[in-house]
Amino acid sequence: MTDPTKAQAWVKQHVLPHLPQTKITCITVGNEVLSGNDTQLISNLVPAMKTIYDVLVSLGLNNQVNVSTAHSLTILANSFPPSSGTFKQDLMQYMEPLIEFHSQTKSPFLINAYPYFAYKSNPSEVPLDYVLFRPNQGLVDPITNLNYDNMLYAQIDAAYSAIKAMGHTDIEVKISETGWPSKGDSDEVGATPENAGIYNSNILRRIEEKQGTPMKPSVPIDVFVFALFNEDLKPGPASERNYGLFYPDGNPVYDIGLHGYLPRMSYSSAAYKTQVVHIFGFLIISFTTFLLQA
């Protein structure tokens, strides 16, 4: 995608034919690239983003389609307290042009944030109510005196602080992935349908209330929930195959109040498709190994 000719061909094949009947708001160039070890990919990330953006400008689409990339929270050197959030020093040579790109193009900074991982790693120290958005006393940032009643908001604000430390307050942070598994291996504490339902339904409620974080109360959170469907062929621990709100046949894994908003579905295992569903401001992303047919 650093090649302008190839970038233009990609946009014309994968984006242009679907507008305006499909609402496409963002192209993510890579996923968690800066957390990997491929130095060539890392070096090409911002140039590829710029090339894709230039193509959108030439087609008059840059005001409706943003260009971004999704990050793991491992890019942060510090994440608590949220006001002390900073990026890892060894990534600064890549973060500086990336942040400048976001500022110039008014595109969002995307993070994949999973409070479940923190709870799974240390269930005796991380309060379950704090990660599930249930009532709790919360944690206070000693520098700002802001109270955080959930971990996701603290993670978002840590990203805001890291960006501010680089001299920018004009970039919005959005959640490109978050979720909770409904099933896991014996050592995966907390992976239950009950907890998954509580986590996702509480996010839905806060989206409906147009809540912002303590640091950005006037900016409603924008969240893509992972995932729409369980991914039965995904490798790794059992939890990796059980983040979905629905089974492949369209039946819900648990109820968070979305009944009646999805059509009846059948599937063909021979086709591949990415599905993104937008329900009442609730954005759900799923990378599935079948083609949905209403």
# chains A, B, ... in the order shown; residues from 1 in each chain; ligands from 1

$ select_by_dssp --residues "segment 7-194 of chain A" --states "helix (DSSP H, G or I)" --output "number ranges by chain"
A: 7-14, 16-18, 33-35, 39-58, 73-75, 82-84, 89-105, 115-121, 128-131, 151-164, 193-194

$ residues_around --residues "Ala113 of chain A" --least-positions-apart "2" --cutoff "10 Å" --atoms "only C-alpha atoms" --output "PDB file with C-alpha atoms, in the first residue's frame"
ATOM      1  CA  HIS A  71      -3.164  -0.669  18.310  1.00  0.00           C
ATOM      2  CA  SER A  72      -2.747  -3.060  21.183  1.00  0.00           C
ATOM      3  CA  LEU A  73      -2.371  -1.383  24.566  1.00  0.00           C
ATOM      4  CA  THR A  74       1.110  -2.906  24.748  1.00  0.00           C
ATOM      5  CA  LEU A 110      -7.749   3.328  17.505  1.00  0.00           C
ATOM      6  CA  ILE A 111      -7.025   0.968  20.395  1.00  0.00           C
ATOM      7  CA  PRO A 115     -10.167  -5.410  30.464  1.00  0.00           C
ATOM      8  CA  TYR A 116     -10.809  -9.174  30.528  1.00  0.00           C
ATOM      9  CA  PHE A 117      -7.102  -9.817  29.964  1.00  0.00           C
ATOM     10  CA  MET A 151     -11.049  -0.138  33.550  1.00  0.00           C
ATOM     11  CA  LEU A 152     -12.011   0.549  29.920  1.00  0.00           C
ATOM     12  CA  TYR A 153     -12.376   4.295  30.544  1.00  0.00           C
ATOM     13  CA  GLN A 155      -7.415   2.632  29.324  1.00  0.00           C
ATOM     14  CA  ILE A 156      -8.950   5.164  26.925  1.00  0.00           C
ATOM     15  CA  LYS A 174     -11.849   5.230  19.729  1.00  0.00           C
ATOM     16  CA  ILE A 175     -12.141   1.565  20.671  1.00  0.00           C
ATOM     17  CA  SER A 176     -11.611  -0.617  17.602  1.00  0.00           C
ATOM     18  CA  GLU A 177     -12.012  -3.836  19.600  1.00  0.00           C
ATOM     19  CA  THR A 178     -13.288  -4.802  23.022  1.00  0.00           C
ATOM     20  CA  GLY A 179     -15.250  -7.744  24.323  1.00  0.00           C
ATOM     21  CA  VAL A 223     -16.822   1.325  20.477  1.00  0.00           C
TER      22      VAL A 223
END

$ residues_around --residues "Asn145 of chain A" --least-positions-apart "3" --cutoff "12 Å" --atoms "only C-alpha atoms" --output "PyMOL selection string"
chain A and resi 81-83+138-142+148+214-215

$ select_by_dssp --residues "segment 220-265 of chain A" --states "strand (DSSP E)" --output "PyMOL selection string"
chain A and resi 223-226

$ write_last_selection --atoms "all heavy atoms" --output "PDB file, in the first residue's frame"
ATOM      1  N   VAL A 223     -17.323   2.669  20.196  1.00  0.00           N
ATOM      2  CA  VAL A 223     -16.822   1.325  20.477  1.00  0.00           C
ATOM      3  C   VAL A 223     -17.250   0.331  19.399  1.00  0.00           C
ATOM      4  O   VAL A 223     -18.414   0.287  19.007  1.00  0.00           O
ATOM      5  CB  VAL A 223     -17.359   0.825  21.844  1.00  0.00           C
ATOM      6  CG1 VAL A 223     -16.935  -0.614  22.101  1.00  0.00           C
ATOM      7  CG2 VAL A 223     -16.881   1.727  22.970  1.00  0.00           C
ATOM      8  N   PHE A 224     -16.296  -0.468  18.917  1.00  0.00           N
ATOM      9  CA  PHE A 224     -16.591  -1.660  18.135  1.00  0.00           C
ATOM     10  C   PHE A 224     -16.439  -2.857  19.074  1.00  0.00           C
ATOM     11  O   PHE A 224     -15.376  -3.054  19.667  1.00  0.00           O
ATOM     12  CB  PHE A 224     -15.627  -1.809  16.962  1.00  0.00           C
ATOM     13  CG  PHE A 224     -15.951  -0.939  15.778  1.00  0.00           C
ATOM     14  CD1 PHE A 224     -15.511   0.372  15.725  1.00  0.00           C
ATOM     15  CD2 PHE A 224     -16.697  -1.431  14.724  1.00  0.00           C
ATOM     16  CE1 PHE A 224     -15.792   1.183  14.629  1.00  0.00           C
ATOM     17  CE2 PHE A 224     -16.996  -0.628  13.627  1.00  0.00           C
ATOM     18  CZ  PHE A 224     -16.548   0.679  13.583  1.00  0.00           C
ATOM     19  N   VAL A 225     -17.509  -3.634  19.203  1.00  0.00           N
ATOM     20  CA  VAL A 225     -17.471  -4.801  20.085  1.00  0.00           C
ATOM     21  C   VAL A 225     -17.023  -6.028  19.297  1.00  0.00           C
ATOM     22  O   VAL A 225     -17.525  -6.313  18.214  1.00  0.00           O
ATOM     23  CB  VAL A 225     -18.850  -5.047  20.725  1.00  0.00           C
ATOM     24  CG1 VAL A 225     -18.885  -6.412  21.409  1.00  0.00           C
ATOM     25  CG2 VAL A 225     -19.151  -3.957  21.743  1.00  0.00           C
ATOM     26  N   PHE A 226     -16.071  -6.732  19.846  1.00  0.00           N
ATOM     27  CA  PHE A 226     -15.593  -7.979  19.265  1.00  0.00           C
ATOM     28  C   PHE A 226     -16.189  -9.130  20.062  1.00  0.00           C
ATOM     29  O   PHE A 226     -15.928  -9.259  21.250  1.00  0.00           O
ATOM     30  CB  PHE A 226     -14.064  -8.017  19.327  1.00  0.00           C
ATOM     31  CG  PHE A 226     -13.449  -9.182  18.611  1.00  0.00           C
ATOM     32  CD1 PHE A 226     -13.205  -9.125  17.254  1.00  0.00           C
ATOM     33  CD2 PHE A 226     -13.154 -10.336  19.296  1.00  0.00           C
ATOM     34  CE1 PHE A 226     -12.650 -10.205  16.589  1.00  0.00           C
ATOM     35  CE2 PHE A 226     -12.601 -11.416  18.636  1.00  0.00           C
ATOM     36  CZ  PHE A 226     -12.345 -11.354  17.282  1.00  0.00           C
TER      37      PHE A 226
END

$ closest_residue --among "A:Glu32, A:Asp157, A:Asp149, A:Asp38" --to "Asn112 of chain A" --atoms "only C-alpha atoms"
A:Glu32

$ atom_distance --atom1 "atom CA of Trp180 of chain A" --atom2 "atom CA of Ala196 of chain A"
4.9 Å

$ residues_around --residues "segment 209-211 of chain A" --least-positions-apart "2" --cutoff "12 Å" --atoms "only C-alpha atoms" --output "JSON, numbers by chain"
{"A": [153, 202, 203, 204, 205, 206, 207, 213, 214, 215, 216, 217, 218, 219, 220, 221, 222, 223, 280, 281, 282]}

$ write_last_selection --atoms "N, CA and C atoms" --output "PDB file, in the first residue's frame"
ATOM      1  N   TYR A 153     -12.521   2.837  30.598  1.00  0.00           N
ATOM      2  CA  TYR A 153     -12.376   4.295  30.544  1.00  0.00           C
ATOM      3  C   TYR A 153     -10.967   4.721  30.958  1.00  0.00           C
ATOM      4  N   ASN A 202     -23.590  -3.590  29.481  1.00  0.00           N
ATOM      5  CA  ASN A 202     -23.249  -2.348  30.176  1.00  0.00           C
ATOM      6  C   ASN A 202     -22.566  -1.350  29.249  1.00  0.00           C
ATOM      7  N   ILE A 203     -21.754  -1.847  28.301  1.00  0.00           N
ATOM      8  CA  ILE A 203     -21.182  -0.948  27.293  1.00  0.00           C
ATOM      9  C   ILE A 203     -22.301  -0.350  26.450  1.00  0.00           C
ATOM     10  N   LEU A 204     -23.249  -1.181  26.034  1.00  0.00           N
ATOM     11  CA  LEU A 204     -24.376  -0.707  25.226  1.00  0.00           C
ATOM     12  C   LEU A 204     -25.140   0.393  25.955  1.00  0.00           C
ATOM     13  N   ARG A 205     -25.358   0.192  27.244  1.00  0.00           N
ATOM     14  CA  ARG A 205     -26.102   1.187  28.025  1.00  0.00           C
ATOM     15  C   ARG A 205     -25.337   2.513  28.078  1.00  0.00           C
ATOM     16  N   ARG A 206     -24.032   2.455  28.254  1.00  0.00           N
ATOM     17  CA  ARG A 206     -23.252   3.689  28.345  1.00  0.00           C
ATOM     18  C   ARG A 206     -23.149   4.395  26.991  1.00  0.00           C
ATOM     19  N   ILE A 207     -23.159   3.622  25.918  1.00  0.00           N
ATOM     20  CA  ILE A 207     -23.185   4.231  24.584  1.00  0.00           C
ATOM     21  C   ILE A 207     -24.507   4.957  24.381  1.00  0.00           C
ATOM     22  N   THR A 213     -15.467   9.688  28.891  1.00  0.00           N
ATOM     23  CA  THR A 213     -14.584   9.255  29.970  1.00  0.00           C
ATOM     24  C   THR A 213     -14.388  10.403  30.957  1.00  0.00           C
ATOM     25  N   PRO A 214     -13.854  10.135  32.140  1.00  0.00           N
ATOM     26  CA  PRO A 214     -13.610  11.223  33.092  1.00  0.00           C
ATOM     27  C   PRO A 214     -12.734  12.340  32.530  1.00  0.00           C
ATOM     28  N   MET A 215     -11.773  12.005  31.696  1.00  0.00           N
ATOM     29  CA  MET A 215     -10.886  13.007  31.120  1.00  0.00           C
ATOM     30  C   MET A 215     -11.526  13.745  29.950  1.00  0.00           C
ATOM     31  N   LYS A 216     -12.458  13.070  29.256  1.00  0.00           N
ATOM     32  CA  LYS A 216     -13.133  13.650  28.091  1.00  0.00           C
ATOM     33  C   LYS A 216     -14.649  13.452  28.220  1.00  0.00           C
ATOM     34  N   PRO A 217     -15.267  14.069  29.221  1.00  0.00           N
ATOM     35  CA  PRO A 217     -16.697  13.821  29.483  1.00  0.00           C
ATOM     36  C   PRO A 217     -17.632  14.271  28.368  1.00  0.00           C
ATOM     37  N   SER A 218     -17.183  15.204  27.525  1.00  0.00           N
ATOM     38  CA  SER A 218     -18.054  15.718  26.462  1.00  0.00           C
ATOM     39  C   SER A 218     -17.879  14.965  25.148  1.00  0.00           C
ATOM     40  N   VAL A 219     -17.004  13.951  25.129  1.00  0.00           N
ATOM     41  CA  VAL A 219     -16.770  13.158  23.914  1.00  0.00           C
ATOM     42  C   VAL A 219     -17.333  11.758  24.131  1.00  0.00           C
ATOM     43  N   PRO A 220     -18.506  11.441  23.564  1.00  0.00           N
ATOM     44  CA  PRO A 220     -19.104  10.114  23.775  1.00  0.00           C
ATOM     45  C   PRO A 220     -18.173   9.004  23.298  1.00  0.00           C
ATOM     46  N   ILE A 221     -18.110   7.931  24.058  1.00  0.00           N
ATOM     47  CA  ILE A 221     -17.259   6.810  23.670  1.00  0.00           C
ATOM     48  C   ILE A 221     -17.779   6.198  22.370  1.00  0.00           C
ATOM     49  N   ASP A 222     -16.849   5.731  21.547  1.00  0.00           N
ATOM     50  CA  ASP A 222     -17.179   5.100  20.274  1.00  0.00           C
ATOM     51  C   ASP A 222     -16.524   3.724  20.284  1.00  0.00           C
ATOM     52  N   VAL A 223     -17.323   2.669  20.196  1.00  0.00           N
ATOM     53  CA  VAL A 223     -16.822   1.325  20.477  1.00  0.00           C
ATOM     54  C   VAL A 223     -17.250   0.331  19.399  1.00  0.00           C
ATOM     55  N   PHE A 280     -28.387   0.653  16.895  1.00  0.00           N
ATOM     56  CA  PHE A 280     -28.599   1.690  17.897  1.00  0.00           C
ATOM     57  C   PHE A 280     -27.285   2.261  18.428  1.00  0.00           C
ATOM     58  N   GLY A 281     -26.331   2.533  17.552  1.00  0.00           N
ATOM     59  CA  GLY A 281     -25.058   3.089  17.994  1.00  0.00           C
ATOM     60  C   GLY A 281     -24.106   2.062  18.558  1.00  0.00           C
ATOM     61  N   PHE A 282     -24.504   0.788  18.525  1.00  0.00           N
ATOM     62  CA  PHE A 282     -23.689  -0.297  19.079  1.00  0.00           C
ATOM     63  C   PHE A 282     -22.971  -0.956  17.922  1.00  0.00           C
TER      64      PHE A 282
END

$ residues_around --residues "Ser182 of chain A" --least-positions-apart "6" --cutoff "6 Å" --atoms "only C-alpha atoms" --output "list in words"
Ala191, Thr192, Pro193, Ala196 and Asn242 of chain A

$ closest_atom_pairs --of "segment 88-171 of chain A" --to "segment 198-201 of chain A" --cutoff "9 Å" --atoms "only C-alpha atoms" --output "JSON lines"
{"residue": "A:Val131", "atom": "CA", "partner": "A:Tyr199", "partner_atom": "CA", "distance": 7.9}
{"residue": "A:Leu132", "atom": "CA", "partner": "A:Tyr199", "partner_atom": "CA", "distance": 4.9}
{"residue": "A:Phe133", "atom": "CA", "partner": "A:Tyr199", "partner_atom": "CA", "distance": 6.7}
{"residue": "A:Arg134", "atom": "CA", "partner": "A:Ile198", "partner_atom": "CA", "distance": 8.4}

$ write_last_selection --atoms "N, CA, C and O atoms" --output "mmCIF file, in the first residue's frame"
data_model
loop_
_atom_site.group_PDB
_atom_site.id
_atom_site.type_symbol
_atom_site.label_atom_id
_atom_site.label_comp_id
_atom_site.auth_asym_id
_atom_site.auth_seq_id
_atom_site.Cartn_x
_atom_site.Cartn_y
_atom_site.Cartn_z
ATOM 1 N N VAL A 131 -14.081 -4.185 36.195
ATOM 2 C CA VAL A 131 -13.915 -4.475 34.770
ATOM 3 C C VAL A 131 -15.245 -4.730 34.073
ATOM 4 O O VAL A 131 -15.323 -4.657 32.848
ATOM 5 N N LEU A 132 -16.316 -5.014 34.829
ATOM 6 C CA LEU A 132 -17.621 -5.300 34.230
ATOM 7 C C LEU A 132 -18.573 -4.094 34.246
ATOM 8 O O LEU A 132 -19.743 -4.236 33.906
ATOM 9 N N PHE A 133 -18.093 -2.928 34.631
ATOM 10 C CA PHE A 133 -18.937 -1.722 34.690
ATOM 11 C C PHE A 133 -20.039 -1.823 35.745
ATOM 12 O O PHE A 133 -21.055 -1.137 35.653
ATOM 13 N N ARG A 134 -19.869 -2.669 36.753
ATOM 14 C CA ARG A 134 -20.868 -2.757 37.818
ATOM 15 C C ARG A 134 -20.519 -1.750 38.910
ATOM 16 O O ARG A 134 -19.388 -1.278 38.993
#

$ residues_around --residues "Ala162 of chain A" --least-positions-apart "6" --cutoff "12 Å" --atoms "only C-alpha atoms" --output "JSON, numbers by chain"
{"A": [73, 75, 76, 77, 78, 79, 80, 81, 82, 83, 84, 85, 86, 87, 88, 89, 92, 95, 96, 99, 109, 155, 156, 168, 169, 171, 173]}

$ residues_around --residues "Thr5 of chain A" --least-positions-apart "5" --cutoff "12 Å" --atoms "only C-alpha atoms" --output "PyMOL selection string"
chain A and resi 10-12+48+51-52+54-55

$ closest_residue --among "A:Gln21, A:Lys164, A:Tyr119, A:Asn37" --to "Glu100 of chain A" --atoms "only C-alpha atoms"
A:Lys164
